[in-house]
Amino acid sequence: MHNVKHHLTDQLLMAYSAGTLPEAFNLIVAAHVSMCDDCRAQLASFDSVGGALLDGTDSQPVAEDCFAETMRLITSGALSPVKRPSPSAQGASVLPAPLRDYVGGDVDKVKWKPIGMGVKQAILPTSKEASARLLYIPAGTAVPDHGHRGMELTLVLQGAFVDETDRFGRGDIEIADEDLTHTPVADIGEDCICLAATDAPLRFNKLIPRIAQPFFRI
Amino acid sequence: MIYRKIRCVVIQSRHAPVITCMFNVVDPSEANVASSPAALRARTGGKTDLSTKAQPLAMKTKYDPTDWITHMTRIRDDQDQTAFAELFQYFAPRVKAFLMRSGADATLAEECTQEVMATLWQKAHLFDASRASVATWVFTIARNRKIDALRKQRRPEPEDLDWGPEEEPDQADILSLQQESEQLGRAIAALPAKQRELIEKAYFGDLSHSEIADQTGLPLGTIKSRIRLALDRLRHAMK
C-alpha cells in the first residue's frame, strides 16, 4: 500500500484521535489508516498530543476506594477479554480489518442491494449522525453529476475512479463538501468498490421511488 | 521501514531519567529534571526521597517513580501491584478529569476511570514503549472508553501492522521517542494560552469546531486556521 496519493486532512485525523467524529467517519478513517502508512504515522503524532495534554491536565481527585475497586475489577474477571488488534491481511483481502468487522467478513460477505445501472450499495450499521455505505460500481460506469450537502468521504477499496479533480485508486480518499460537483467514472480495468461516509441525511429509502433518485450520492 | 517512519513522527511525553539509566550515563542535569514541577508532581505521595535522584547510578533504586515505562514492564512481567498503585496515583485523577471535561458526571467518570485503569493493567503486554509513551497509551484507552460509555458508539480501529517478532523494543527507539515527547510537552506548554485552550477543547471538550466557535464567539474559519497554526507550531517545535 505504498501508492496512496490522496490522504486524510490533519483536521480529520485529529478529530479521530480526539474521539469526536461520528462513527461512520471513524470507520472510514480507520479503514484509510489501515491502508496508508503516512496517515498512520500522522495519527500517532495526534495521539501523542492527546497523551501530552492528559499528562499536563489538572487532575480530579478520585474516591478513596478507587484503587481497591479497580483491583476488584481486575480480579473479578468482569472485564472483557483482550482482543489483539486484527493483524494486517497483507493485501489478501479487499476490505481492511475495521470494515471486515462491520461486514462480518470480506467483500464476498457484503449484502449488496442494486440501486440501478449495475451499481450496488450496502449500508453499514453505524450511529445515526452520519452514514457509511459500501458501493460497487461496474468498470467504466459513470455516476451522474451530483453535489454534496454535507461532508462526504470516499475511500477506494478496489479498482479506481476518475473525476474532474483526479484519479483515485485503492487506498485513496476523496474529501468532498458542498463546493464539489463531480462525475466520478469507475476505471475501465476493474469494477470499483468504495466506502463512502457522509454526514448528510441518507437519501435512499423505500418511500422514494428509485426513479426519483438517480443522483445517488456516492 | 514503516517502523522507522513512524518512529520519526511519533512524539511523546516526559521522563528522561529513565533513559539516562538505560544508557548508563550520569547526567548532571538530572537533578534539575528531578526537581522540575512535573517530576515533583509525578511523585506526590512520593515514596522516594528526592535526594536519591542526585545519587550516582549505582546507588539508584531500580525503579524510579517517574519511570512509567519500567512500571509498565513490572506490571506486565510480575503483576506488580506496587508499580500499578504508583501509576494509578498519577494517572487515575487525570483520566477522571479528562472524562469529566468530556461531559461525564463525577459518578460515571469515577466508574470509567476504574475501567480505564483496569484495562491498562489487563493490556500491559500490548504496550510498546517504542511506539507510544505511557501517557499516550493511557489517553487512547480513556478516549475509547469515552466513546463507548459517553457516546454509546463502537470505535473502529485501524488494523495492526505486522511489527515483526515480538522482541523488546530497541533502546535507541525508546530514547528518541522520549526526547521527542519531551519536546512536545514543552511545545504545548509554550503555546499561547488561547491556542492551547483550543487544542484542549478539541481533545477533551468533545466539542465540534462549530461548538468551539459558539463558546469563544469566533468564526469557524478562524478557529480552524488557529488549530492548524497551533499544529504547525507544534510540528516546528519538534524538529
# chains A, B, ... in the order shown; residues from 1 in each chain; ligands from 1

$ residues_around --residues "range 151-167 of chain A" --least-positions-apart "2" --cutoff "6 Å" --atoms "only C-alpha atoms" --output "PyMOL selection string"
chain A and resi 169-177+183-187+190-199

$ interface_residues --of "chain A" --to "chain B" --cutoff "6 Å" --atoms "only C-alpha atoms" --output "list in words"
Ala18, Thr20, Leu27, Ala30, Val33, Ser34, Ala41, Ala44, Ser45, Ser48, Gly51, Ala52, Ser59, Gln60, Pro61, Val62, Thr70, Ile74, Pro85, Ser86, Pro87, Ser88, Ala97 and Pro98 of chain A

$ write_last_selection --atoms "N, CA and C atoms" --output "short mmCIF file (atom, residue, chain, number, x, y, z; two decimals), in the first residue's frame"
data_model
loop_
_atom_site.label_atom_id
_atom_site.label_comp_id
_atom_site.auth_asym_id
_atom_site.auth_seq_id
_atom_site.Cartn_x
_atom_site.Cartn_y
_atom_site.Cartn_z
N ALA A 18 -8.98 12.50 18.83
CA ALA A 18 -9.68 13.05 19.99
C ALA A 18 -10.95 12.26 20.29
N THR A 20 -13.93 12.53 18.52
CA THR A 20 -15.11 13.38 18.41
C THR A 20 -15.87 13.21 17.10
N LEU A 27 -15.03 5.07 11.11
CA LEU A 27 -14.83 3.84 10.33
C LEU A 27 -14.00 4.10 9.07
N ALA A 30 -10.40 4.85 10.09
CA ALA A 30 -9.70 3.62 10.48
C ALA A 30 -9.36 2.78 9.25
N VAL A 33 -6.45 4.57 7.35
CA VAL A 33 -5.19 4.44 8.10
C VAL A 33 -4.65 3.01 7.98
N SER A 34 -5.55 2.04 7.91
CA SER A 34 -5.12 0.64 7.72
C SER A 34 -4.34 0.47 6.42
N ALA A 41 1.22 7.28 10.67
CA ALA A 41 2.25 8.00 11.43
C ALA A 41 1.70 9.33 11.95
N ALA A 44 -0.48 8.78 14.84
CA ALA A 44 0.28 8.50 16.07
C ALA A 44 0.72 9.81 16.71
N SER A 45 1.07 10.80 15.88
CA SER A 45 1.51 12.06 16.46
C SER A 45 0.33 12.80 17.10
N SER A 48 -0.26 11.34 20.37
CA SER A 48 0.73 11.83 21.32
C SER A 48 0.38 13.21 21.86
N GLY A 51 -1.87 12.47 24.55
CA GLY A 51 -1.11 11.99 25.71
C GLY A 51 -0.46 13.12 26.47
N ALA A 52 0.12 14.05 25.72
CA ALA A 52 0.79 15.19 26.36
C ALA A 52 -0.24 16.07 27.07
N SER A 59 -5.75 17.57 37.62
CA SER A 59 -6.33 16.27 37.98
C SER A 59 -7.59 16.47 38.81
N GLN A 60 -8.36 15.42 38.83
CA GLN A 60 -9.64 15.42 39.53
C GLN A 60 -9.55 14.31 40.57
N PRO A 61 -9.62 14.64 41.87
CA PRO A 61 -9.39 13.61 42.88
C PRO A 61 -10.35 12.42 42.71
N VAL A 62 -9.81 11.22 42.85
CA VAL A 62 -10.66 10.03 42.76
C VAL A 62 -11.08 9.62 44.17
N THR A 70 -10.73 -0.78 41.53
CA THR A 70 -10.08 -1.15 40.27
C THR A 70 -9.45 -2.54 40.38
N ILE A 74 -10.24 -5.96 38.29
CA ILE A 74 -9.24 -6.77 37.60
C ILE A 74 -9.36 -8.23 37.99
N PRO A 85 -5.44 -6.46 18.33
CA PRO A 85 -5.91 -5.79 17.11
C PRO A 85 -5.74 -6.72 15.92
N SER A 86 -6.69 -6.69 15.01
CA SER A 86 -6.62 -7.60 13.87
C SER A 86 -5.35 -7.33 13.07
N PRO A 87 -4.57 -8.38 12.82
CA PRO A 87 -3.35 -8.18 12.05
C PRO A 87 -3.68 -7.90 10.58
N SER A 88 -2.76 -7.26 9.94
CA SER A 88 -2.96 -6.95 8.53
C SER A 88 -3.08 -8.23 7.72
N ALA A 97 -9.31 -4.60 7.97
CA ALA A 97 -9.92 -5.23 9.15
C ALA A 97 -11.10 -4.46 9.76
N PRO A 98 -11.01 -3.14 9.95
CA PRO A 98 -12.15 -2.46 10.58
C PRO A 98 -13.44 -2.63 9.77
#

$ decode --residues "range 4-46 of chain A" --atoms "N, CA and C atoms" --output "compact mmCIF listing (two decimals), in the first residue's frame"
# COMPACT_ATOMS: atom_id res chain seq x y z
N VAL A 4 -0.56 5.39 -2.07
CA VAL A 4 -1.67 6.27 -1.70
C VAL A 4 -1.28 7.72 -1.99
N LYS A 5 -2.13 8.37 -2.78
CA LYS A 5 -1.85 9.74 -3.19
C LYS A 5 -2.73 10.74 -2.45
N HIS A 6 -3.96 10.28 -2.15
CA HIS A 6 -4.92 11.21 -1.55
C HIS A 6 -5.16 10.82 -0.10
N HIS A 7 -4.84 11.76 0.78
CA HIS A 7 -4.80 11.44 2.21
C HIS A 7 -5.90 12.13 2.99
N LEU A 8 -5.98 11.75 4.26
CA LEU A 8 -6.88 12.43 5.18
C LEU A 8 -6.31 13.79 5.55
N THR A 9 -7.16 14.72 5.93
CA THR A 9 -6.67 16.01 6.40
C THR A 9 -6.23 15.88 7.86
N ASP A 10 -5.37 16.80 8.29
CA ASP A 10 -4.96 16.82 9.70
C ASP A 10 -6.16 16.97 10.62
N GLN A 11 -7.10 17.76 10.14
CA GLN A 11 -8.27 18.01 10.98
C GLN A 11 -9.06 16.73 11.26
N LEU A 12 -9.22 15.90 10.22
CA LEU A 12 -9.94 14.64 10.40
C LEU A 12 -9.14 13.69 11.29
N LEU A 13 -7.83 13.65 11.07
CA LEU A 13 -7.00 12.76 11.88
C LEU A 13 -7.03 13.19 13.34
N MET A 14 -6.99 14.49 13.57
CA MET A 14 -7.02 14.97 14.95
C MET A 14 -8.36 14.65 15.61
N ALA A 15 -9.43 14.85 14.86
CA ALA A 15 -10.76 14.58 15.43
C ALA A 15 -10.93 13.08 15.70
N TYR A 16 -10.33 12.25 14.83
CA TYR A 16 -10.38 10.80 15.08
C TYR A 16 -9.60 10.47 16.35
N SER A 17 -8.43 11.10 16.49
CA SER A 17 -7.61 10.87 17.67
C SER A 17 -8.33 11.35 18.93
N ALA A 18 -8.98 12.50 18.83
CA ALA A 18 -9.68 13.05 19.99
C ALA A 18 -10.95 12.26 20.29
N GLY A 19 -11.44 11.52 19.29
CA GLY A 19 -12.65 10.72 19.51
C GLY A 19 -13.92 11.52 19.40
N THR A 20 -13.93 12.53 18.52
CA THR A 20 -15.11 13.38 18.41
C THR A 20 -15.87 13.21 17.10
N LEU A 21 -15.42 12.29 16.25
CA LEU A 21 -16.10 12.10 14.97
C LEU A 21 -17.30 11.16 15.13
N PRO A 22 -18.29 11.29 14.24
CA PRO A 22 -19.35 10.29 14.20
C PRO A 22 -18.77 8.93 13.81
N GLU A 23 -19.46 7.87 14.21
CA GLU A 23 -18.95 6.51 13.99
C GLU A 23 -18.62 6.23 12.51
N ALA A 24 -19.48 6.69 11.60
CA ALA A 24 -19.24 6.41 10.17
C ALA A 24 -17.91 7.02 9.71
N PHE A 25 -17.59 8.20 10.21
CA PHE A 25 -16.31 8.82 9.85
C PHE A 25 -15.15 8.12 10.54
N ASN A 26 -15.36 7.71 11.80
CA ASN A 26 -14.32 6.92 12.48
C ASN A 26 -13.99 5.68 11.66
N LEU A 27 -15.03 5.07 11.11
CA LEU A 27 -14.83 3.84 10.33
C LEU A 27 -14.00 4.10 9.07
N ILE A 28 -14.29 5.17 8.37
CA ILE A 28 -13.57 5.42 7.12
C ILE A 28 -12.13 5.88 7.43
N VAL A 29 -11.95 6.61 8.53
CA VAL A 29 -10.60 6.99 8.93
C VAL A 29 -9.79 5.74 9.29
N ALA A 30 -10.40 4.85 10.09
CA ALA A 30 -9.70 3.62 10.48
C ALA A 30 -9.36 2.78 9.25
N ALA A 31 -10.28 2.76 8.28
CA ALA A 31 -10.04 1.97 7.06
C ALA A 31 -8.90 2.58 6.24
N HIS A 32 -8.90 3.90 6.10
CA HIS A 32 -7.82 4.54 5.34
C HIS A 32 -6.47 4.35 6.04
N VAL A 33 -6.45 4.57 7.35
CA VAL A 33 -5.19 4.44 8.10
C VAL A 33 -4.65 3.01 7.98
N SER A 34 -5.55 2.04 7.91
CA SER A 34 -5.12 0.64 7.72
C SER A 34 -4.34 0.47 6.42
N MET A 35 -4.61 1.37 5.46
CA MET A 35 -4.02 1.24 4.12
C MET A 35 -2.96 2.30 3.84
N CYS A 36 -2.71 3.21 4.76
CA CYS A 36 -1.84 4.36 4.48
C CYS A 36 -0.87 4.60 5.63
N ASP A 37 0.41 4.35 5.38
CA ASP A 37 1.41 4.49 6.44
C ASP A 37 1.64 5.95 6.84
N ASP A 38 1.52 6.86 5.88
CA ASP A 38 1.71 8.28 6.21
C ASP A 38 0.67 8.74 7.22
N CYS A 39 -0.58 8.41 6.93
CA CYS A 39 -1.64 8.84 7.84
C CYS A 39 -1.55 8.10 9.17
N ARG A 40 -1.07 6.86 9.14
CA ARG A 40 -0.88 6.12 10.39
C ARG A 40 0.14 6.85 11.28
N ALA A 41 1.22 7.28 10.67
CA ALA A 41 2.25 8.00 11.43
C ALA A 41 1.70 9.33 11.95
N GLN A 42 0.98 10.02 11.08
CA GLN A 42 0.42 11.30 11.48
C GLN A 42 -0.58 11.13 12.62
N LEU A 43 -1.36 10.05 12.54
CA LEU A 43 -2.32 9.77 13.59
C LEU A 43 -1.60 9.51 14.92
N ALA A 44 -0.48 8.78 14.84
CA ALA A 44 0.28 8.50 16.07
C ALA A 44 0.72 9.81 16.71
N SER A 45 1.07 10.80 15.88
CA SER A 45 1.51 12.06 16.46
C SER A 45 0.33 12.80 17.10
N PHE A 46 -0.85 12.66 16.52
CA PHE A 46 -2.01 13.30 17.15
C PHE A 46 -2.39 12.59 18.46
